[in-house]
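In what follows, a structure is listed as structure tokens, so that the remarks can point back to it.
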Amino acid sequence: MAFENILFEKDGSIATVTINRPKALNALNADTLKELDQVFTELAADDTVSAVILTGAGEKAFVAGADISFMKDLTAVEARAFAQLGQAAFNKIENLPQPVIAAINGFALGGGCELASACDIRLASESAKFGQPEVNLGVPPGFAGTQRLPRLVGKGRAKELLYTGDMIDAAEAYRIGLVNKVFATAEELQEAAKKMAKKIAGKGQIAVRVTKSAVNQGMEMDSARGMAYEAEVFGLVFSTEDQKEGMAAFLEKRKAEFKGK
Ligand code: CAA
């Protein structure tokens, strides 16, 4: 995979995608969104990858938002298409079969906060800053910030961030449930993201994938339908070798060796 605006690395079963436009604080233009869409389409088909880390290049930013230079002269029709492009790419991340961990190493503003919100788990460094400053530019969010942020932190807190454009630090993001964990340095953050990705990769991969699907599907259903879906996938997984191995290993007091079959 050759890209201009993102870096792609694979270390065993862990893939790392890095948004790589540090001079523009990794701002998302249309080309970058197309590359993100492509890399996550390819990852979805790659069964050798068990978990993905998404991060930003450089010391300052995860992603400082959609690219304002790119957006400023768009027509209404072009701007709608740009929002749809970003939403489609972020939906690929949210619905990727494998879990995606955002390692947020600096500014996660506007489209950057929306990108982090599309990931399964958010880890941050102490220097990370979050916000939805679109209203400062006279626009609303366009990459699903009005949809995912309220689902993550609740309607009231989301509306405060969305209406004021205020930036919050990592400690406050942790307090309101926007990030799962905060690390003192960027190095510790990257190490922790790798450690968590490896831990997930060591579990039964079919179980991890159906769990992601059940949570995602369930969030769009009422709880009775969500539970029915869960019971279905629970039953289906009993047809896998991983289920036999996982339960046999427990009873034989040894570590399970899952094959993803
Ligand atoms: N788009 C384009 N360029 C950006 C950018 C963005 N979102 N954010 C930063 N940059 C560029 C700056 O223009 C600057 O470029 P030059 O060196 O060529 O002047 C470079 O990155 C470094 O930025 P600053 O000099 O501004 O760095 P700073 O440390 O003084 O400030 C910052 C950092 C607070 C993040 C500030 O850059 C900033 O406020 N950025 C914009 C944040 C923003 O409004 N994001 C929302 C965008 S709209 C959106 O995302 C819509 C959507 O939902 C789809």
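A note on labels: chains of the structure tokens are A, B, ... as shown, every chain counts residues from 1, and ligands are counted from 1 in their shown order.
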Practice task
Could you give me the residues within 8 Å of ligand 1, counting only C-alpha atoms and all ligand atoms, as a ChimeraX atom specification?
Solution key: /A:22-28,60-61,63-70,82-83,86,107,109-112,114,132-134,136-137,139-145
Non-local contacts of A:Ala81 (12 Å; only C-alpha atoms; under 4 positions in same chain excluded) as a PyMOL selection string
chain A and resi 30+33+71+74-77+85-88+142-143
If we count only C-alpha atoms and set the cut-off at 6 Å, which residues sit around stretch 5-21 of chain A, ignoring sequence neighbours fewer than 5 positions away in its own chain? Please answer as an MDAnalysis selection string.
chainID A and resid 26 32 48:57
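With only C-alpha atoms as the atoms that count, the residue of A:Val233, A:Ala45, A:Ala249, A:Leu123 with the shortest distance to A:Ala170 is A:Leu123.
Among the candidates A:Lys72, A:Lys194, A:Lys92, A:Lys253, the one nearest to A:Leu43 when counting only C-alpha atoms is A:Lys92.
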message = Can you tell me which residues surround stretch 147-149 of chain A at a distance of at most 10 Å, considering only C-alpha atoms, apart from same-chain residues fewer than 6 positions away, and format the answer as a PyMOL selection string?
response = chain A and resi 113-118+132+141+155+157-159+161-162+178
Using all heavy atoms, can you write the selected residues to a file as an mmCIF file, in the first residue's frame?
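Below is the file again_3.cif, written as the result:
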data_model
loop_
_atom_site.group_PDB
_atom_site.id
_atom_site.type_symbol
_atom_site.label_atom_id
_atom_site.label_comp_id
_atom_site.auth_asym_id
_atom_site.auth_seq_id
_atom_site.Cartn_x
_atom_site.Cartn_y
_atom_site.Cartn_z
ATOM 1 N N CYS A 113 -11.354 15.171 16.467
ATOM 2 C CA CYS A 113 -12.143 14.632 17.579
ATOM 3 C C CYS A 113 -13.179 13.651 17.019
ATOM 4 O O CYS A 113 -13.451 12.601 17.608
ATOM 5 C CB CYS A 113 -12.809 15.795 18.323
ATOM 6 S SG CYS A 113 -13.547 15.329 19.893
ATOM 7 N N GLU A 114 -13.703 13.980 15.832
ATOM 8 C CA GLU A 114 -14.683 13.094 15.192
ATOM 9 C C GLU A 114 -14.019 11.780 14.753
ATOM 10 O O GLU A 114 -14.618 10.711 14.861
ATOM 11 C CB GLU A 114 -15.320 13.820 13.992
ATOM 12 C CG GLU A 114 -16.187 14.995 14.430
ATOM 13 C CD GLU A 114 -16.564 15.920 13.265
ATOM 14 O OE1 GLU A 114 -15.657 16.465 12.613
ATOM 15 O OE2 GLU A 114 -17.764 16.082 13.004
ATOM 16 N N LEU A 115 -12.779 11.887 14.278
ATOM 17 C CA LEU A 115 -12.040 10.684 13.875
ATOM 18 C C LEU A 115 -11.781 9.803 15.094
ATOM 19 O O LEU A 115 -11.998 8.589 15.062
ATOM 20 C CB LEU A 115 -10.710 11.098 13.221
ATOM 21 C CG LEU A 115 -9.768 9.987 12.777
ATOM 22 C CD1 LEU A 115 -10.429 9.075 11.746
ATOM 23 C CD2 LEU A 115 -8.472 10.570 12.195
ATOM 24 N N ALA A 116 -11.324 10.416 16.191
ATOM 25 C CA ALA A 116 -11.074 9.651 17.420
ATOM 26 C C ALA A 116 -12.367 9.000 17.907
ATOM 27 O O ALA A 116 -12.372 7.860 18.373
ATOM 28 C CB ALA A 116 -10.494 10.566 18.503
ATOM 29 N N SER A 117 -13.484 9.729 17.758
ATOM 30 C CA SER A 117 -14.772 9.209 18.244
ATOM 31 C C SER A 117 -15.244 7.991 17.450
ATOM 32 O O SER A 117 -16.057 7.207 17.947
ATOM 33 C CB SER A 117 -15.855 10.297 18.162
ATOM 34 O OG SER A 117 -15.503 11.412 18.941
ATOM 35 N N ALA A 118 -14.759 7.847 16.219
ATOM 36 C CA ALA A 118 -15.157 6.697 15.389
ATOM 37 C C ALA A 118 -14.371 5.430 15.765
ATOM 38 O O ALA A 118 -14.726 4.337 15.337
ATOM 39 C CB ALA A 118 -14.949 7.018 13.912
ATOM 40 N N GLN A 132 -14.525 20.665 19.596
ATOM 41 C CA GLN A 132 -15.264 20.750 18.318
ATOM 42 C C GLN A 132 -15.397 22.244 18.007
ATOM 43 O O GLN A 132 -16.454 22.841 18.254
ATOM 44 C CB GLN A 132 -16.647 20.087 18.477
ATOM 45 C CG GLN A 132 -16.617 18.606 18.751
ATOM 46 C CD GLN A 132 -16.262 17.718 17.578
ATOM 47 O OE1 GLN A 132 -15.914 16.568 17.771
ATOM 48 N NE2 GLN A 132 -16.323 18.211 16.357
ATOM 49 N N PRO A 141 -20.165 20.758 12.832
ATOM 50 C CA PRO A 141 -19.326 19.611 12.469
ATOM 51 C C PRO A 141 -19.878 18.923 11.214
ATOM 52 O O PRO A 141 -21.086 18.983 10.965
ATOM 53 C CB PRO A 141 -19.465 18.672 13.681
ATOM 54 C CG PRO A 141 -19.894 19.548 14.800
ATOM 55 C CD PRO A 141 -20.754 20.604 14.170
ATOM 56 N N LYS A 155 -25.618 13.877 25.909
ATOM 57 C CA LYS A 155 -26.092 15.012 25.106
ATOM 58 C C LYS A 155 -25.652 16.360 25.685
ATOM 59 O O LYS A 155 -25.213 17.242 24.954
ATOM 60 C CB LYS A 155 -27.626 14.927 25.029
ATOM 61 C CG LYS A 155 -28.236 15.695 23.898
ATOM 62 C CD LYS A 155 -29.573 15.120 23.460
ATOM 63 C CE LYS A 155 -30.686 15.381 24.444
ATOM 64 N NZ LYS A 155 -32.026 15.140 23.881
ATOM 65 N N ARG A 157 -23.113 17.272 27.799
ATOM 66 C CA ARG A 157 -21.676 17.588 27.688
ATOM 67 C C ARG A 157 -21.289 17.805 26.228
ATOM 68 O O ARG A 157 -20.493 18.678 25.910
ATOM 69 C CB ARG A 157 -20.849 16.458 28.290
ATOM 70 C CG ARG A 157 -20.944 16.446 29.791
ATOM 71 C CD ARG A 157 -19.911 15.513 30.394
ATOM 72 N NE ARG A 157 -19.866 15.702 31.813
ATOM 73 C CZ ARG A 157 -20.173 14.773 32.719
ATOM 74 N NH1 ARG A 157 -20.548 13.573 32.335
ATOM 75 N NH2 ARG A 157 -20.088 15.047 34.000
ATOM 76 N N ALA A 158 -21.866 16.979 25.343
ATOM 77 C CA ALA A 158 -21.554 17.128 23.917
ATOM 78 C C ALA A 158 -22.005 18.504 23.430
ATOM 79 O O ALA A 158 -21.263 19.210 22.744
ATOM 80 C CB ALA A 158 -22.230 16.026 23.108
ATOM 81 N N LYS A 159 -23.207 18.914 23.808
ATOM 82 C CA LYS A 159 -23.717 20.201 23.328
ATOM 83 C C LYS A 159 -22.856 21.349 23.832
ATOM 84 O O LYS A 159 -22.623 22.322 23.108
ATOM 85 C CB LYS A 159 -25.179 20.378 23.757
ATOM 86 C CG LYS A 159 -26.138 19.563 22.890
ATOM 87 C CD LYS A 159 -27.561 19.746 23.336
ATOM 88 C CE LYS A 159 -28.541 19.130 22.326
ATOM 89 N NZ LYS A 159 -29.920 19.156 22.817
ATOM 90 N N LEU A 161 -19.623 21.283 24.396
ATOM 91 C CA LEU A 161 -18.420 21.329 23.543
ATOM 92 C C LEU A 161 -18.766 21.838 22.141
ATOM 93 O O LEU A 161 -18.026 22.641 21.555
ATOM 94 C CB LEU A 161 -17.789 19.933 23.440
ATOM 95 C CG LEU A 161 -17.080 19.427 24.697
ATOM 96 C CD1 LEU A 161 -16.752 17.947 24.579
ATOM 97 C CD2 LEU A 161 -15.811 20.234 24.967
ATOM 98 N N LEU A 162 -19.906 21.390 21.622
ATOM 99 C CA LEU A 162 -20.282 21.737 20.240
ATOM 100 C C LEU A 162 -20.699 23.207 20.107
ATOM 101 O O LEU A 162 -20.415 23.842 19.089
ATOM 102 C CB LEU A 162 -21.438 20.841 19.770
ATOM 103 C CG LEU A 162 -21.086 19.353 19.565
ATOM 104 C CD1 LEU A 162 -22.343 18.486 19.568
ATOM 105 C CD2 LEU A 162 -20.297 19.139 18.282
ATOM 106 N N LEU A 178 -14.573 10.750 27.434
ATOM 107 C CA LEU A 178 -14.202 10.823 26.014
ATOM 108 C C LEU A 178 -12.965 9.981 25.735
ATOM 109 O O LEU A 178 -12.811 9.450 24.636
ATOM 110 C CB LEU A 178 -13.980 12.296 25.614
ATOM 111 C CG LEU A 178 -13.632 12.599 24.173
ATOM 112 C CD1 LEU A 178 -14.631 11.993 23.194
ATOM 113 C CD2 LEU A 178 -13.561 14.114 23.945
#
| task | Can you list, as a VMD selection string, all residues belonging to stretch 70-172 of chain A that DSSP tags as alpha helix (DSSP H)? | result | chain A and resid 70 to 71 76 to 94 111 to 118 145 to 153 155 to 164 170 to 172
